[in-house]
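Visitor: Provided herewith is a single structure, encoded as structure tokens, for subsequent inquiry.
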Amino acid sequence: AHAHWTVDKAKMSKSVGNVVCPLDISDRFGVSVIRYFLLRSGSIVDDSDFSLDLCVSKYNDEMVNTLGNLLSRCIAEKIMQSESWPEFESLDSEATHSIETEWMPKLNNMVEDVSECYENFNTAKAIETVMSVLRD
């Protein structure tokens, strides 16, 4: 047994006329949108449902808003005035404490969890793990 893609919770079928052409989607939204959705929502075990609205909203929510917002903040002019990353030792003690006690354990756990997901071919769970940390 293997997983299938459905469309709006119905089996994809040429006779029904609900087959999705990835080339049409990539022409309209770009190939990154469809690639991200397939990795984010696909499974080799369970059926996965395709919805164009869900495809676009997942990409916008996670890649544009969550990841894009983080990158924008990281390269903001106020932070990157010297065009280099601040040295860890130059951070104030409160920021250093927060990084050491809160963020480093989360990041270390994330690396372990994502590695396990990749070993099990579960890219959807790997992406959700990363997005969960980024939303914190």
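Residues in the structure tokens are numbered from 1 in each chain, the chains being A, B, ... in the order shown, and ligands are numbered from 1 in the order shown.
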List the neighbours of Asn109 (chain A) out to 12 Å using only C-alpha atoms; skip same-chain residues closer than 5 positions along the sequence, and give me the result as JSON, numbers by chain.
Guide: {"A": [102, 103, 104, 114, 115, 116, 126, 129, 130, 132, 133]}
Visitor: Got time to write the residues from that selection, N, CA, C and O atoms, as a PDB file, in the first residue's frame?
Guide:
```
ATOM      1  N   GLU A 102      17.113  29.066  27.022  1.00  0.00           N
ATOM      2  CA  GLU A 102      15.857  28.871  26.305  1.00  0.00           C
ATOM      3  C   GLU A 102      16.061  28.397  24.872  1.00  0.00           C
ATOM      4  O   GLU A 102      15.465  27.417  24.438  1.00  0.00           O
ATOM      5  N   TRP A 103      16.909  29.098  24.125  1.00  0.00           N
ATOM      6  CA  TRP A 103      17.008  28.829  22.691  1.00  0.00           C
ATOM      7  C   TRP A 103      17.934  27.687  22.329  1.00  0.00           C
ATOM      8  O   TRP A 103      17.625  26.916  21.423  1.00  0.00           O
ATOM      9  N   MET A 104      19.063  27.560  22.976  1.00  0.00           N
ATOM     10  CA  MET A 104      19.993  26.483  22.603  1.00  0.00           C
ATOM     11  C   MET A 104      19.371  25.100  22.810  1.00  0.00           C
ATOM     12  O   MET A 104      19.492  24.248  21.922  1.00  0.00           O
ATOM     13  N   VAL A 114      14.570  16.808  13.593  1.00  0.00           N
ATOM     14  CA  VAL A 114      14.553  16.917  12.136  1.00  0.00           C
ATOM     15  C   VAL A 114      15.391  15.796  11.515  1.00  0.00           C
ATOM     16  O   VAL A 114      14.987  15.204  10.510  1.00  0.00           O
ATOM     17  N   SER A 115      16.523  15.482  12.114  1.00  0.00           N
ATOM     18  CA  SER A 115      17.350  14.374  11.613  1.00  0.00           C
ATOM     19  C   SER A 115      16.573  13.065  11.632  1.00  0.00           C
ATOM     20  O   SER A 115      16.606  12.287  10.666  1.00  0.00           O
ATOM     21  N   GLU A 116      15.845  12.828  12.707  1.00  0.00           N
ATOM     22  CA  GLU A 116      15.025  11.614  12.808  1.00  0.00           C
ATOM     23  C   GLU A 116      13.918  11.609  11.747  1.00  0.00           C
ATOM     24  O   GLU A 116      13.643  10.579  11.126  1.00  0.00           O
ATOM     25  N   ALA A 126       9.314  17.184   9.581  1.00  0.00           N
ATOM     26  CA  ALA A 126      10.559  17.943   9.737  1.00  0.00           C
ATOM     27  C   ALA A 126      10.290  19.437   9.581  1.00  0.00           C
ATOM     28  O   ALA A 126      10.749  20.254  10.384  1.00  0.00           O
ATOM     29  N   THR A 129       8.397  20.805  12.532  1.00  0.00           N
ATOM     30  CA  THR A 129       9.292  20.957  13.680  1.00  0.00           C
ATOM     31  C   THR A 129      10.052  22.276  13.601  1.00  0.00           C
ATOM     32  O   THR A 129      10.128  23.022  14.585  1.00  0.00           O
ATOM     33  N   VAL A 130      10.592  22.582  12.432  1.00  0.00           N
ATOM     34  CA  VAL A 130      11.324  23.838  12.252  1.00  0.00           C
ATOM     35  C   VAL A 130      10.380  25.027  12.408  1.00  0.00           C
ATOM     36  O   VAL A 130      10.697  25.998  13.112  1.00  0.00           O
ATOM     37  N   SER A 132       7.651  25.255  14.053  1.00  0.00           N
ATOM     38  CA  SER A 132       7.249  25.380  15.454  1.00  0.00           C
ATOM     39  C   SER A 132       8.282  26.171  16.249  1.00  0.00           C
ATOM     40  O   SER A 132       7.924  27.048  17.047  1.00  0.00           O
ATOM     41  N   VAL A 133       9.548  25.898  16.025  1.00  0.00           N
ATOM     42  CA  VAL A 133      10.609  26.631  16.726  1.00  0.00           C
ATOM     43  C   VAL A 133      10.638  28.078  16.242  1.00  0.00           C
ATOM     44  O   VAL A 133      10.762  28.997  17.054  1.00  0.00           O
TER      45      VAL A 133
END
```
Visitor: Please identify which residues in region 2-134 of chain A DSSP calls helix (DSSP H, G or I) from the backbone, and express them as a ChimeraX atom specification.
Guide: /A:22-29,31-41,52-74,88-90,93-119,123-134
Visitor: Could you jot down the CA of Asn122 (chain A) to CA of Leu71 (chain A) separation for me, Å, one decimal place?
Guide: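 If I compute the distance from CA of Asn122 (chain A) to CA of Leu71 (chain A), I get 25.2 Å.
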